[in-house]
Amino acid sequence: MNKTTTLSLSNLYIGYTKENPLIESINIEANQGDLIALMGLNGSGKTTLFKTILGETPSIRGEIEVGNSSHEIHKNISVVFTERIDIYGFTVADMIAQGRAAHTNIFGKLTNHDKEVIQEQLTALSLEEIATQQINSLSDGQFQKVMIARALAQETQVLLLDEPTAFLDVKNKRMIHDLLHSLASSGNKTILASTHDVLFCNSYCSKSWVIDNKRLKEKNPKEITELFFD
């Protein structure tokens with residue numbers, strides 16, 4: 001059965017100068033149900049690729065298509081970046097509710113369905129006990145889980161995760177990996193996660209996209225080894 005293409009990059013060059021792109025001549029596709037490990041050395045362009053897909057950083061040239069449209073990227077993609085931002089006056093539940101912004105009416109009022117989605121993510125990420133806690137009081141690991149829950153609450157077709165388990169302990173890493181695998185294997189999500197975690201790539205991912213020598217190539221995730229990063 002043919003899978004639906006949800007993200008297509010065609011003849012894409014990314015970076016900050018035309019003379020020296022970070023990645024060049026990208027031609028690659030992601031399909032519904034894919035859990036993809038985006039791998040490469042630090043500084044190779046993983047975060048820049050995410051920001052280019054989102055439209056935050058202009059591409060040097062080429063095409064980005066999400067679903068059937070190249071114009072509604074933010075309605076189709078949610079994202080979690082690694083860096084922590086300072087947020088005050090919001091509880092954990094408030095922060096996850098921000099993920100419903102694209103679905104609420106002009107007054108921002110949450111429907112019963114919105115509240116159900118928020119509760120689902122609180123449960124999925126084991127955040128119920130800290131739902132009323134202030135965001136700025138959380139540990140780095142707790143904060144990262146809240147940001148993942150907010151992205152999932154958007155219910156987008158494509159999810160971009162920039163080193164999603166960087167601040168998590170082994171138990172919580174496994175929980176996130178299991179959750180991502182479940183979301184992708186259900187066929188409802190396309191998930192692209194930048195990572196240095198070879199075990200995650202080998203054990204959970206259906207594809208790996210590897211940045212090497214300014215090229216982005218698809219490889220068998222079970223063939224990725226530590227040697228790639230030597």
# chains A, B, ... in the order shown; residues from 1 in each chain; ligands from 1
>>> closest_atom_pairs(of="range 152-195 of chain A", to="range 46-55 of chain A", cutoff="12 Å", atoms="only C-alpha atoms", output="Markdown table")
| residue | atom | partner | partner_atom | distance |
| --- | --- | --- | --- | --- |
| A:Val158 | CA | A:Ile53 | CA | 10.9 |
| A:Leu159 | CA | A:Phe50 | CA | 10.3 |
| A:Leu160 | CA | A:Phe50 | CA | 7.1 |
| A:Leu161 | CA | A:Phe50 | CA | 8.6 |
| A:Asp162 | CA | A:Thr47 | CA | 6.8 |
| A:Glu163 | CA | A:Thr47 | CA | 9.5 |
| A:Ile191 | CA | A:Phe50 | CA | 11.9 |
| A:Leu192 | CA | A:Phe50 | CA | 9.2 |
| A:Ala193 | CA | A:Lys46 | CA | 9.5 |
| A:Ser194 | CA | A:Lys46 | CA | 6.6 |
| A:Thr195 | CA | A:Lys46 | CA | 9.1 |
>>> select_by_dssp(residues="chain A", states="alpha helix (DSSP H)", output="VMD selection string")
chain A and resid 46 to 54 73 to 76 92 to 97 112 to 124 140 to 153 170 to 185 198 to 204
>>> residues_around(residues="Ser137 in chain A", least_positions_apart="6", cutoff="12 Å", atoms="only C-alpha atoms", output="MDAnalysis selection string")
chainID A and resid 86:92 130 143
>>> write_last_selection(atoms="all heavy atoms", output="short mmCIF file (atom, residue, chain, number, x, y, z; two decimals), in the first residue's frame")
data_model
loop_
_atom_site.label_atom_id
_atom_site.label_comp_id
_atom_site.auth_asym_id
_atom_site.auth_seq_id
_atom_site.Cartn_x
_atom_site.Cartn_y
_atom_site.Cartn_z
N ASP A 86 12.63 31.26 28.97
CA ASP A 86 12.04 31.71 30.23
C ASP A 86 10.57 32.03 30.02
O ASP A 86 10.21 32.83 29.15
CB ASP A 86 12.78 32.95 30.76
CG ASP A 86 14.20 32.63 31.19
OD1 ASP A 86 14.42 31.50 31.69
OD2 ASP A 86 15.08 33.49 31.01
N ILE A 87 9.72 31.41 30.82
CA ILE A 87 8.27 31.63 30.73
C ILE A 87 7.74 31.83 32.15
O ILE A 87 8.02 31.01 33.04
CB ILE A 87 7.57 30.42 30.09
CG1 ILE A 87 8.11 30.17 28.68
CG2 ILE A 87 6.06 30.63 30.03
CD1 ILE A 87 7.65 28.88 28.06
N TYR A 88 6.98 32.89 32.35
CA TYR A 88 6.45 33.18 33.68
C TYR A 88 4.93 33.36 33.61
O TYR A 88 4.39 33.81 32.61
CB TYR A 88 7.09 34.46 34.24
CG TYR A 88 8.60 34.33 34.41
CD1 TYR A 88 9.46 34.79 33.41
CD2 TYR A 88 9.14 33.74 35.54
CE1 TYR A 88 10.83 34.66 33.55
CE2 TYR A 88 10.52 33.61 35.69
CZ TYR A 88 11.36 34.07 34.70
OH TYR A 88 12.71 33.94 34.82
N GLY A 89 4.27 32.98 34.69
CA GLY A 89 2.83 33.17 34.78
C GLY A 89 1.99 32.08 34.16
O GLY A 89 0.77 32.21 34.05
N PHE A 90 2.62 30.99 33.73
CA PHE A 90 1.91 29.87 33.12
C PHE A 90 2.12 28.61 33.93
O PHE A 90 3.25 28.32 34.36
CB PHE A 90 2.39 29.61 31.69
CG PHE A 90 1.90 30.60 30.69
CD1 PHE A 90 2.59 31.80 30.48
CD2 PHE A 90 0.76 30.36 29.95
CE1 PHE A 90 2.15 32.72 29.54
CE2 PHE A 90 0.31 31.27 29.01
CZ PHE A 90 1.00 32.45 28.81
N THR A 91 1.06 27.85 34.12
CA THR A 91 1.19 26.52 34.70
C THR A 91 1.49 25.51 33.59
O THR A 91 1.43 25.85 32.39
CB THR A 91 -0.11 26.09 35.41
OG1 THR A 91 -1.14 25.94 34.42
CG2 THR A 91 -0.53 27.11 36.47
N VAL A 92 1.79 24.29 33.98
CA VAL A 92 2.02 23.22 33.01
C VAL A 92 0.80 23.05 32.10
O VAL A 92 0.92 22.98 30.87
CB VAL A 92 2.33 21.90 33.75
CG1 VAL A 92 2.27 20.71 32.79
CG2 VAL A 92 3.70 21.97 34.41
N ILE A 130 1.90 17.46 38.22
CA ILE A 130 2.47 18.82 38.22
C ILE A 130 1.68 19.75 37.30
O ILE A 130 2.18 20.81 36.92
CB ILE A 130 3.97 18.82 37.83
CG1 ILE A 130 4.16 18.26 36.41
CG2 ILE A 130 4.80 18.04 38.84
CD1 ILE A 130 5.57 18.45 35.87
N PHE A 143 10.48 20.37 32.00
CA PHE A 143 10.17 21.41 31.01
C PHE A 143 10.14 20.81 29.60
O PHE A 143 9.24 21.10 28.80
CB PHE A 143 11.22 22.52 31.08
CG PHE A 143 10.96 23.67 30.15
CD1 PHE A 143 10.17 24.73 30.54
CD2 PHE A 143 11.51 23.70 28.87
CE1 PHE A 143 9.93 25.81 29.69
CE2 PHE A 143 11.28 24.76 28.02
CZ PHE A 143 10.48 25.81 28.42
#
>>> residues_around(residues="range 19-21 of chain A", least_positions_apart="4", cutoff="8 Å", atoms="only C-alpha atoms", output="list of chain:residue names")
A:Tyr13, A:Ile14, A:Gly15, A:Ile60, A:Lys214
>>> write_last_selection(atoms="all heavy atoms", output="short mmCIF file (atom, residue, chain, number, x, y, z; two decimals), in the first residue's frame")
data_model
loop_
_atom_site.label_atom_id
_atom_site.label_comp_id
_atom_site.auth_asym_id
_atom_site.auth_seq_id
_atom_site.Cartn_x
_atom_site.Cartn_y
_atom_site.Cartn_z
N TYR A 13 18.61 23.83 -0.88
CA TYR A 13 19.90 24.25 -0.34
C TYR A 13 19.63 25.11 0.88
O TYR A 13 18.82 26.05 0.81
CB TYR A 13 20.69 25.08 -1.36
CG TYR A 13 21.26 24.30 -2.52
CD1 TYR A 13 20.43 23.66 -3.45
CD2 TYR A 13 22.64 24.20 -2.70
CE1 TYR A 13 20.96 22.94 -4.52
CE2 TYR A 13 23.18 23.49 -3.78
CZ TYR A 13 22.33 22.87 -4.67
OH TYR A 13 22.85 22.17 -5.73
N ILE A 14 20.28 24.78 2.01
CA ILE A 14 20.03 25.56 3.22
C ILE A 14 21.34 26.06 3.82
O ILE A 14 22.41 25.51 3.58
CB ILE A 14 19.27 24.74 4.28
CG1 ILE A 14 20.16 23.63 4.86
CG2 ILE A 14 17.99 24.15 3.69
CD1 ILE A 14 19.60 23.00 6.12
N GLY A 15 21.22 27.13 4.59
CA GLY A 15 22.38 27.74 5.24
C GLY A 15 22.21 29.24 5.25
O GLY A 15 21.10 29.76 5.12
N ILE A 60 18.16 28.83 0.73
CA ILE A 60 18.96 29.45 -0.32
C ILE A 60 18.28 29.26 -1.67
O ILE A 60 18.17 30.18 -2.47
CB ILE A 60 20.38 28.84 -0.32
CG1 ILE A 60 21.11 29.23 0.98
CG2 ILE A 60 21.17 29.31 -1.55
CD1 ILE A 60 22.44 28.54 1.17
N LYS A 214 27.92 17.83 3.77
CA LYS A 214 26.96 18.77 3.18
C LYS A 214 25.84 18.10 2.38
O LYS A 214 25.13 18.76 1.63
CB LYS A 214 27.66 19.81 2.29
CG LYS A 214 28.59 20.74 3.05
CD LYS A 214 29.03 21.90 2.18
CE LYS A 214 29.89 22.88 2.98
NZ LYS A 214 30.22 24.07 2.18
#
>>> residues_around(residues="Ser203 in chain A", least_positions_apart="6", cutoff="10 Å", atoms="only C-alpha atoms", output="PyMOL selection string")
chain A and resi 177+181+221-222
>>> write_last_selection(atoms="C-alpha atoms", output="PDB file, in the first residue's frame")
ATOM      1  CA  HIS A 177      10.816   6.950  22.611  1.00  0.00           C
ATOM      2  CA  HIS A 181       7.120   5.096  18.092  1.00  0.00           C
ATOM      3  CA  PRO A 221      18.521   3.066  10.766  1.00  0.00           C
ATOM      4  CA  LYS A 222      19.751  -0.366  11.862  1.00  0.00           C
TER       5      LYS A 222
END
>>> residues_around(residues="Glu218 in chain A", least_positions_apart="6", cutoff="9 Å", atoms="only C-alpha atoms", output="list in words")
Ile28, Lys207, Ser208, Trp209 and Val210 of chain A
>>> closest_residue(among="A:Ser185, A:Ser126, A:Gln133, A:Asn11", to="Glu63 in chain A", atoms="only C-alpha atoms")
A:Asn11
>>> residues_around(residues="Ser78 in chain A", least_positions_apart="2", cutoff="10 Å", atoms="only C-alpha atoms", output="mmCIF file with C-alpha atoms, in the first residue's frame")
data_model
loop_
_atom_site.group_PDB
_atom_site.id
_atom_site.type_symbol
_atom_site.label_atom_id
_atom_site.label_comp_id
_atom_site.auth_asym_id
_atom_site.auth_seq_id
_atom_site.Cartn_x
_atom_site.Cartn_y
_atom_site.Cartn_z
ATOM 1 C CA LEU A 54 9.330 26.036 9.426
ATOM 2 C CA ILE A 73 3.400 25.074 7.118
ATOM 3 C CA HIS A 74 2.537 26.255 10.642
ATOM 4 C CA LYS A 75 -0.872 24.594 10.486
ATOM 5 C CA ASN A 76 0.701 21.277 9.548
ATOM 6 C CA VAL A 80 10.094 21.283 19.980
ATOM 7 C CA GLY A 99 -0.878 24.008 21.620
ATOM 8 C CA ILE A 148 6.609 17.844 23.834
ATOM 9 C CA ARG A 150 2.298 21.131 23.904
ATOM 10 C CA ALA A 151 3.494 20.105 20.438
ATOM 11 C CA LEU A 152 1.413 16.940 20.539
ATOM 12 C CA ALA A 153 -1.630 18.955 21.628
ATOM 13 C CA GLN A 154 -1.437 20.827 18.305
ATOM 14 C CA GLU A 155 -2.453 17.601 16.554
ATOM 15 C CA THR A 156 -0.386 18.404 13.479
ATOM 16 C CA GLN A 157 0.472 15.986 10.705
ATOM 17 C CA VAL A 158 4.235 16.500 11.073
ATOM 18 C CA LEU A 159 6.234 16.803 14.304
ATOM 19 C CA LEU A 160 9.818 18.110 14.439
ATOM 20 C CA LEU A 161 11.835 17.381 17.584
ATOM 21 C CA ILE A 191 8.005 12.470 13.211
#
>>> atom_distance(atom1="CA of Lys189 in chain A", atom2="CA of Gly33 in chain A")
5.4 Å
>>> atom_distance(atom1="CA of Thr132 in chain A", atom2="CA of Leu168 in chain A")
20.9 Å
>>> select_by_dssp(residues="range 167-229 of chain A", states="strand (DSSP E)", output="PyMOL selection string")
chain A and resi 190-194+207-212+215-219
>>> closest_residue(among="A:Asp212, A:Leu127, A:Thr6, A:Gly141", to="Asn172 in chain A", atoms="only C-alpha atoms")
A:Gly141
>>> atom_distance(atom1="CA of Asn188 in chain A", atom2="CA of Tyr204 in chain A")
16.3 Å
